[in-house]
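Source file target23.tsv; content: TSV, C-alpha atoms.
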chain	number	residue	atom	x	y	z
A	1	MET	CA	-21.68	13.67	-44.54
A	2	PRO	CA	-18.50	15.79	-44.25
A	3	LYS	CA	-15.27	13.90	-43.74
A	4	ASP	CA	-14.67	15.38	-40.28
A	5	GLU	CA	-18.06	14.09	-39.17
A	6	MET	CA	-17.28	10.61	-40.47
A	7	ASN	CA	-14.01	10.52	-38.51
A	8	PRO	CA	-14.51	12.89	-35.58
A	9	GLU	CA	-12.05	13.47	-32.78
A	10	LEU	CA	-13.16	10.98	-30.19
A	11	THR	CA	-12.45	10.68	-26.47
A	12	PHE	CA	-10.72	7.51	-25.31
A	13	PRO	CA	-9.93	6.26	-21.80
A	14	PRO	CA	-6.53	6.81	-20.15
A	15	LEU	CA	-3.60	5.16	-21.95
A	16	PHE	CA	-5.58	5.04	-25.22
A	17	GLN	CA	-5.08	7.53	-28.03
A	18	GLY	CA	-6.95	7.74	-31.33
A	19	GLU	CA	-5.91	8.28	-34.93
A	20	ALA	CA	-8.64	8.77	-37.52
A	21	LEU	CA	-8.18	7.61	-41.11
A	22	SER	CA	-10.10	8.69	-44.17
A	23	GLY	CA	-10.72	7.26	-47.61
A	24	ALA	CA	-10.06	3.59	-48.32
A	25	ALA	CA	-7.27	3.16	-45.75
A	26	ASP	CA	-7.56	-0.02	-43.66
A	27	PRO	CA	-7.22	0.65	-39.90
A	28	PHE	CA	-6.22	-2.96	-39.19
A	29	ALA	CA	-3.34	-2.93	-41.68
A	30	LYS	CA	-2.33	0.57	-40.57
A	31	ALA	CA	-2.33	-0.47	-36.91
A	32	CYS	CA	-0.13	-3.48	-37.65
A	33	THR	CA	2.32	-1.31	-39.54
A	34	GLN	CA	2.37	1.26	-36.75
A	35	ALA	CA	2.92	-1.52	-34.21
A	36	MET	CA	5.88	-2.86	-36.21
A	37	LEU	CA	7.37	0.62	-36.15
A	38	GLY	CA	6.97	0.83	-32.40
A	39	CYS	CA	3.89	2.99	-31.79
A	40	GLU	CA	2.47	3.33	-28.29
A	41	SER	CA	0.33	0.62	-26.76
A	42	GLY	CA	-3.28	1.76	-26.66
A	43	THR	CA	-3.19	3.38	-30.10
A	44	VAL	CA	-6.68	3.20	-31.63
A	45	ILE	CA	-6.77	3.62	-35.41
A	46	TYR	CA	-10.23	3.99	-36.88
A	47	SER	CA	-12.35	4.88	-39.88
A	48	ILE	CA	-16.03	5.76	-39.69
A	49	THR	CA	-17.97	6.06	-42.94
A	50	PRO	CA	-21.75	6.10	-43.44
A	51	ASP	CA	-21.81	2.35	-44.07
A	52	VAL	CA	-19.10	0.81	-41.89
A	53	LEU	CA	-17.09	1.25	-38.70
A	54	LYS	CA	-13.55	-0.09	-38.83
A	55	ALA	CA	-11.13	0.15	-35.93
A	56	ALA	CA	-8.03	-1.53	-34.53
A	57	ILE	CA	-6.27	-1.33	-31.17
A	58	VAL	CA	-2.55	-1.84	-30.65
A	59	PHE	CA	-1.45	-3.62	-27.47
A	60	ALA	CA	2.04	-4.29	-26.09
A	61	PRO	CA	1.42	-7.38	-23.98
A	62	GLU	CA	4.96	-8.14	-22.74
A	63	ALA	CA	3.91	-11.80	-22.48
A	64	PRO	CA	4.28	-14.97	-24.55
A	65	LEU	CA	1.78	-15.43	-27.36
A	66	VAL	CA	-0.42	-17.99	-25.60
A	67	GLU	CA	-0.74	-15.66	-22.58
A	68	ALA	CA	-1.36	-12.57	-24.70
A	69	LEU	CA	-3.99	-13.85	-27.13
A	70	PRO	CA	-6.91	-13.68	-24.66
A	71	VAL	CA	-6.82	-9.92	-25.35
A	72	LEU	CA	-8.99	-10.87	-28.35
A	73	ILE	CA	-11.55	-12.30	-25.92
A	74	ALA	CA	-11.38	-9.17	-23.75
A	75	CYS	CA	-12.08	-7.08	-26.86
A	76	GLU	CA	-15.05	-9.26	-27.79
A	77	VAL	CA	-16.57	-9.04	-24.32
A	78	GLY	CA	-15.86	-5.31	-24.30
A	79	PHE	CA	-17.69	-4.91	-27.59
A	80	GLN	CA	-20.70	-6.89	-26.36
A	81	ASN	CA	-20.86	-4.76	-23.22
A	82	ALA	CA	-20.56	-1.55	-25.27
A	83	LEU	CA	-23.22	-2.39	-27.85
A	84	GLY	CA	-25.43	-3.85	-25.16
A	85	ALA	CA	-25.33	-0.54	-23.30
A	86	LEU	CA	-26.06	1.63	-26.36
A	87	ALA	CA	-28.42	-0.50	-28.49
A	88	PRO	CA	-32.10	-1.19	-27.83
A	89	PRO	CA	-32.60	-3.89	-25.18
A	90	GLU	CA	-33.85	-6.47	-27.69
A	91	VAL	CA	-30.51	-6.46	-29.57
A	92	SER	CA	-28.36	-9.50	-28.77
A	93	VAL	CA	-24.64	-9.85	-29.47
A	94	HIS	CA	-22.76	-13.13	-29.80
A	95	PHE	CA	-19.54	-14.35	-31.38
A	96	ARG	CA	-18.43	-17.31	-33.39
A	97	TRP	CA	-15.16	-18.79	-32.19
A	98	ASP	CA	-13.43	-17.61	-35.37
A	99	GLY	CA	-14.20	-13.96	-34.58
A	100	GLU	CA	-17.40	-13.35	-36.55
A	101	VAL	CA	-19.80	-10.98	-34.78
A	102	LEU	CA	-23.46	-11.98	-34.59
A	103	VAL	CA	-26.20	-9.44	-33.92
A	104	ASN	CA	-29.62	-11.01	-33.33
A	105	ASN	CA	-28.14	-14.30	-34.62
A	106	ALA	CA	-27.06	-12.93	-38.01
A	107	ARG	CA	-23.50	-12.20	-39.09
A	108	CYS	CA	-22.61	-8.54	-38.52
A	109	GLY	CA	-18.92	-7.99	-39.11
A	110	ARG	CA	-15.94	-9.58	-37.42
A	111	MET	CA	-13.05	-9.31	-35.02
A	112	ARG	CA	-9.49	-9.87	-36.28
A	113	VAL	CA	-6.14	-10.39	-34.60
A	114	ALA	CA	-2.49	-10.15	-35.65
A	115	SER	CA	0.79	-10.13	-33.74
A	116	GLY	CA	4.48	-9.66	-34.17
A	117	GLU	CA	6.56	-12.73	-34.88
A	118	VAL	CA	8.26	-14.20	-31.85
A	119	ALA	CA	9.97	-17.43	-30.87
A	120	LYS	CA	7.93	-19.85	-28.77
A	121	GLY	CA	7.83	-18.76	-25.15
A	122	GLU	CA	9.34	-15.33	-25.76
A	123	GLU	CA	7.43	-12.11	-25.08
A	124	LEU	CA	5.46	-10.41	-27.85
A	125	ASP	CA	6.28	-6.85	-28.80
A	126	TRP	CA	2.77	-6.15	-30.10
A	127	ILE	CA	-0.65	-7.54	-30.83
A	128	VAL	CA	-3.47	-5.84	-32.76
A	129	VAL	CA	-7.19	-6.53	-32.49
A	130	GLY	CA	-9.43	-5.20	-35.25
A	131	LEU	CA	-13.17	-4.64	-35.55
A	132	GLU	CA	-15.24	-4.38	-38.72
A	133	LEU	CA	-18.91	-3.52	-38.22
A	134	PRO	CA	-21.41	-2.80	-41.03
A	135	LEU	CA	-23.70	0.10	-40.25
A	136	LEU	CA	-25.85	0.07	-43.42
A	137	PRO	CA	-26.77	-2.74	-45.83
A	138	PRO	CA	-24.80	-3.01	-49.08
A	139	ASP	CA	-26.34	-0.83	-51.78
A	140	PRO	CA	-28.47	-1.68	-53.71
A	141	GLU	CA	-29.09	-5.02	-51.98
A	142	PRO	CA	-32.81	-5.51	-51.20
A	143	PRO	CA	-33.71	-6.23	-47.56
A	144	GLY	CA	-34.02	-9.93	-46.76
A	145	LEU	CA	-31.84	-11.13	-49.64
A	146	THR	CA	-29.16	-12.42	-47.24
A	147	PRO	CA	-31.00	-13.30	-44.00
A	148	ASP	CA	-27.83	-14.70	-42.44
A	149	GLN	CA	-26.13	-11.28	-42.65
A	150	THR	CA	-27.21	-8.00	-41.11
A	151	CYS	CA	-26.08	-4.50	-40.15
A	152	LEU	CA	-26.81	-2.21	-37.23
A	153	PHE	CA	-29.40	-0.22	-39.21
A	154	GLU	CA	-31.46	-3.35	-39.85
A	155	GLU	CA	-31.36	-4.32	-36.17
A	156	GLY	CA	-32.94	-1.16	-34.80
A	157	CYS	CA	-29.73	0.79	-34.25
A	158	ALA	CA	-30.26	3.56	-36.82
A	159	ASP	CA	-29.81	6.25	-34.16
A	160	LEU	CA	-26.69	4.74	-32.61
A	161	ASP	CA	-23.63	6.97	-33.01
A	162	PRO	CA	-20.73	4.77	-34.23
A	163	GLY	CA	-18.22	7.14	-32.68
A	164	HIS	CA	-19.83	6.71	-29.28
A	165	LEU	CA	-19.82	2.94	-29.83
A	166	LEU	CA	-16.10	3.00	-30.58
A	167	GLU	CA	-15.40	5.05	-27.46
A	168	ALA	CA	-17.51	2.64	-25.38
A	169	TRP	CA	-15.73	-0.37	-26.89
A	170	THR	CA	-12.34	0.90	-25.72
A	171	ARG	CA	-13.67	1.74	-22.26
A	172	HIS	CA	-15.30	-1.65	-21.69
A	173	THR	CA	-12.29	-3.46	-23.16
A	174	LEU	CA	-10.01	-1.64	-20.73
A	175	VAL	CA	-12.25	-2.72	-17.84
A	176	TRP	CA	-11.86	-6.36	-18.85
A	177	ILE	CA	-8.11	-6.08	-19.42
A	178	ASN	CA	-7.72	-4.62	-15.93
A	179	ARG	CA	-9.92	-7.31	-14.43
A	180	TRP	CA	-7.92	-9.98	-16.25
A	181	ALA	CA	-4.71	-8.51	-14.80
A	182	ASP	CA	-6.17	-8.45	-11.29
A	183	GLU	CA	-8.19	-11.69	-11.22
A	184	GLY	CA	-6.85	-13.91	-13.97
A	185	LEU	CA	-8.81	-15.41	-16.86
A	186	ARG	CA	-11.64	-17.01	-14.89
A	187	PRO	CA	-14.01	-13.98	-14.85
A	188	LEU	CA	-13.31	-13.29	-18.54
A	189	SER	CA	-14.03	-16.91	-19.43
A	190	ALA	CA	-17.26	-16.89	-17.41
A	191	GLU	CA	-18.43	-13.74	-19.21
A	192	TRP	CA	-17.44	-14.95	-22.69
A	193	ARG	CA	-18.76	-18.51	-22.66
A	194	PRO	CA	-22.48	-17.54	-22.84
A	195	LEU	CA	-21.65	-15.27	-25.79
A	196	VAL	CA	-20.06	-18.00	-27.93
A	197	ASP	CA	-22.26	-19.32	-30.71
A	198	LYS	CA	-22.94	-23.05	-31.18
A	199	MET	CA	-20.94	-24.42	-28.26
A	200	GLY	CA	-22.06	-28.05	-28.04
A	201	ASP	CA	-23.36	-28.05	-31.63
A	202	GLU	CA	-22.03	-28.87	-35.08
A	203	VAL	CA	-19.94	-26.10	-36.63
A	204	GLU	CA	-18.38	-25.38	-39.99
A	205	PHE	CA	-15.96	-22.54	-40.65
A	206	THR	CA	-12.90	-21.67	-42.70
A	207	VAL	CA	-9.67	-20.09	-41.45
A	208	LYS	CA	-6.84	-19.23	-43.85
A	209	ASP	CA	-8.45	-21.28	-46.65
A	210	THR	CA	-8.67	-24.38	-44.44
A	211	ALA	CA	-12.15	-25.73	-43.69
A	212	TYR	CA	-13.00	-27.12	-40.27
A	213	SER	CA	-16.10	-29.02	-39.20
A	214	GLY	CA	-17.18	-31.08	-36.24
A	215	THR	CA	-18.81	-30.73	-32.84
A	216	PHE	CA	-17.76	-27.70	-30.82
A	217	MET	CA	-17.24	-29.43	-27.48
A	218	GLY	CA	-15.96	-26.44	-25.52
A	219	ILE	CA	-12.81	-24.44	-24.89
A	220	ASP	CA	-9.59	-25.02	-23.00
A	221	GLU	CA	-8.09	-22.68	-20.40
A	222	ASN	CA	-6.62	-20.49	-23.15
A	223	PHE	CA	-9.87	-20.23	-25.17
A	224	GLY	CA	-8.81	-22.79	-27.78
A	225	MET	CA	-11.64	-24.71	-29.44
A	226	LEU	CA	-12.13	-28.40	-28.62
A	227	LEU	CA	-13.46	-29.80	-31.90
A	228	ARG	CA	-14.69	-33.39	-32.06
A	229	GLN	CA	-14.38	-35.06	-35.44
A	230	GLY	CA	-15.65	-38.63	-35.32
A	231	GLU	CA	-13.89	-40.41	-32.46
A	232	ASP	CA	-11.16	-37.82	-32.17
A	233	THR	CA	-11.11	-34.45	-30.41
A	234	ARG	CA	-8.55	-31.88	-31.51
A	235	LEU	CA	-7.54	-28.57	-30.02
A	236	LEU	CA	-7.64	-25.49	-32.24
A	237	PRO	CA	-5.63	-22.78	-30.44
A	238	LEU	CA	-6.52	-19.10	-30.67
A	239	SER	CA	-3.24	-18.63	-32.53
A	240	LEU	CA	-4.94	-20.29	-35.52
A	241	LEU	CA	-6.80	-16.99	-36.01
A	242	LEU	CA	-3.68	-14.85	-36.27
A	243	GLU	CA	-3.41	-12.90	-39.52
A	244	GLN	CA	-0.44	-11.30	-41.18
A	245	GLY	CA	-0.88	-7.58	-40.72
A	246	GLY	CA	0.78	-4.51	-42.15
A	247	GLU	CA	0.36	-2.33	-45.19
A	248	ALA	CA	1.65	-3.49	-48.53
Output the structure of this file as structure tokens.
Amino acid sequence: MPKDEMNPELTFPPLFQGEALSGAADPFAKACTQAMLGCESGTVIYSITPDVLKAAIVFAPEAPLVEALPVLIACEVGFQNALGALAPPEVSVHFRWDGEVLVNNARCGRMRVASGEVAKGEELDWIVVGLELPLLPPDPEPPGLTPDQTCLFEEGCADLDPGHLLEAWTRHTLVWINRWADEGLRPLSAEWRPLVDKMGDEVEFTVKDTAYSGTFMGIDENFGMLLRQGEDTRLLPLSLLLEQGGEA
């Protein structure tokens, strides 16, 4: 496939503008670097190759970290709405609390989040949400070797145009950001809760080399995980998921 077909010029909604990357460049790291340098909010940096879609969106929240981090949730709901509209009706999309994407109950990429450093309570300059989505299985891995992992091709989405999916993701995400601004977090929480995997069940996951396990009891008003471990219940805030971004 020619390079310009892998990374075509796409059409994004108002206030969003795209920048295509080629080769091995990482859109998430690039977006974080661009954000540090003061790029416009709504910048979408992306790379589309035959086997994977990678993209990242830069936001300028002008809000404290705890109030800004639900943009990750808006992006997840936006992605579910986008893939749900373009994929066959039997394709289901869910999320693990730590950002892993599940398609038909198997891991299919992830969402990531990073932000600028800021003192507690002060407004953030930027926050970046990234998406990594496998389109084809790793070569030459035989089908069925890793049943807990999948790709869009294996889930009946061979004809889905990843560029159209990326465009749809930004559109649906913008809808949820606008609704959040107008109505608060309640509608976003109501939409996201049914999409979260294993709420009420035992979970195990690792974030930044730290393992967590326990019963996923629910979420607080800021989408933090309530994790019961024995007789104790602890709150894992969304900020636990923040990565250090930027190109080396």
Which residues, written as a list of chain:residue names, have at least one atom at most 9 Å from Glu221 of chain A, with all atoms listed in the file counted and residues fewer than 2 positions away on the same chain left out?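 Surrounding residues, per the criterion: A:Leu185, A:Arg186, A:Ser189, A:Ile219, A:Phe223, A:Gly224.
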Point out the residue among A:Asp201, A:Glu67, A:Glu19, A:Glu243 with the least atom-to-atom distance to Lys120 of chain A, counting only C-alpha atoms.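 For Lys120 of chain A, the nearest of the candidates is A:Glu67.
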Shell around Cys157 of chain A at 8 Å using all atoms listed in the file, local window under 5 positions removed, as a list in words: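 Listing them by chain and then by number gives Ala87, Pro88 and Leu152 of chain A.
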Any idea what the distance is between atom CA of Ala31 of chain A and atom CA of Ala56 of chain A? 6.3 Å
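Checking A:Asp161, A:Asp26, A:Glu122, A:Glu40 one by one against Leu135 of chain A, counting all atoms listed in the file, you find the shortest gap at A:Asp161.
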So the first atom is atom CA of Gln80 of chain A and the second is atom CA of Glu154 of chain A; what is the distance between them in Å, to one decimal place?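 For atom CA of Gln80 of chain A relative to atom CA of Glu154 of chain A, the distance reads 17.6 Å.
Candidate residues A:Lys30, A:Arg234, A:Arg179, A:Arg96 were compared for distance to Asp197 of chain A, and the nearest is A:Arg96, using all atoms listed in the file.
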Gap from atom CA of Gly18 of chain A to atom CA of His172 of chain A - Å, one decimal: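 Rounded to one decimal, the two atoms are 15.8 Å apart.
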Need the shell around Thr215 of chain A: protein/DNA/RNA residues with any atom at most 7 Å away, counting all atoms listed in the file. Skip same-chain ones fewer than 5 positions apart. Format as a ChimeraX atom specification? /A:200-203,227-229
Please produce a file of the residues just selected, as a PDB file, in the frame of the given file, where the atoms kept are C-alpha atoms.
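To be explicit, this is the file written out as result-v2.pdb:
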ATOM      1  CA  GLY A 200     -22.060 -28.050 -28.040  1.00  0.00           C
ATOM      2  CA  ASP A 201     -23.360 -28.050 -31.630  1.00  0.00           C
ATOM      3  CA  GLU A 202     -22.030 -28.870 -35.080  1.00  0.00           C
ATOM      4  CA  VAL A 203     -19.940 -26.100 -36.630  1.00  0.00           C
ATOM      5  CA  LEU A 227     -13.460 -29.800 -31.900  1.00  0.00           C
ATOM      6  CA  ARG A 228     -14.690 -33.390 -32.060  1.00  0.00           C
ATOM      7  CA  GLN A 229     -14.380 -35.060 -35.440  1.00  0.00           C
TER       8      GLN A 229
END
Pick the closest to Phe16 of chain A from A:Ser47, A:Asn104, A:Thr170, A:Gln149: which is it, counting all atoms listed in the file? A:Thr170
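The closest residue to Ala24 of chain A, picked from A:Leu37, A:Val52, A:Leu10, A:Asp232 and counting all atoms listed in the file, is A:Val52.
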Please return the centre and edge lengths, in Å to one decimal, of a box with edges along x, y and z that contains all listed atoms of segment 215-220 of chain A, widened by 8 Å on every side, as JSON.
{"center_x": -14.2, "center_y": -27.6, "center_z": -27.9, "size_x": 25.2, "size_y": 22.3, "size_z": 25.8}
Env of Ile73 of chain A: 8 Å cut, atoms = only C-alpha atoms, seq-sep filter 3 positions within chain, self excluded. Answer as a PyMOL selection string. chain A and resi 69-70+76-77+188+192
Taking (6.2, -13.4, -30.8) in the file's coordinates as the center, which residues reach within 12 Å of it, counting all atoms listed in the file, put as a ChimeraX atom specification? /A:36,60-69,114-127,239,242
Neighbouring residues of Phe12 of chain A were defined as those with any atom within 10 Å, considering all atoms listed in the file; residues of the same chain fewer than 2 positions away were excluded. Please report them as a ChimeraX atom specification. /A:9-10,14-18,42-44,164,166-171
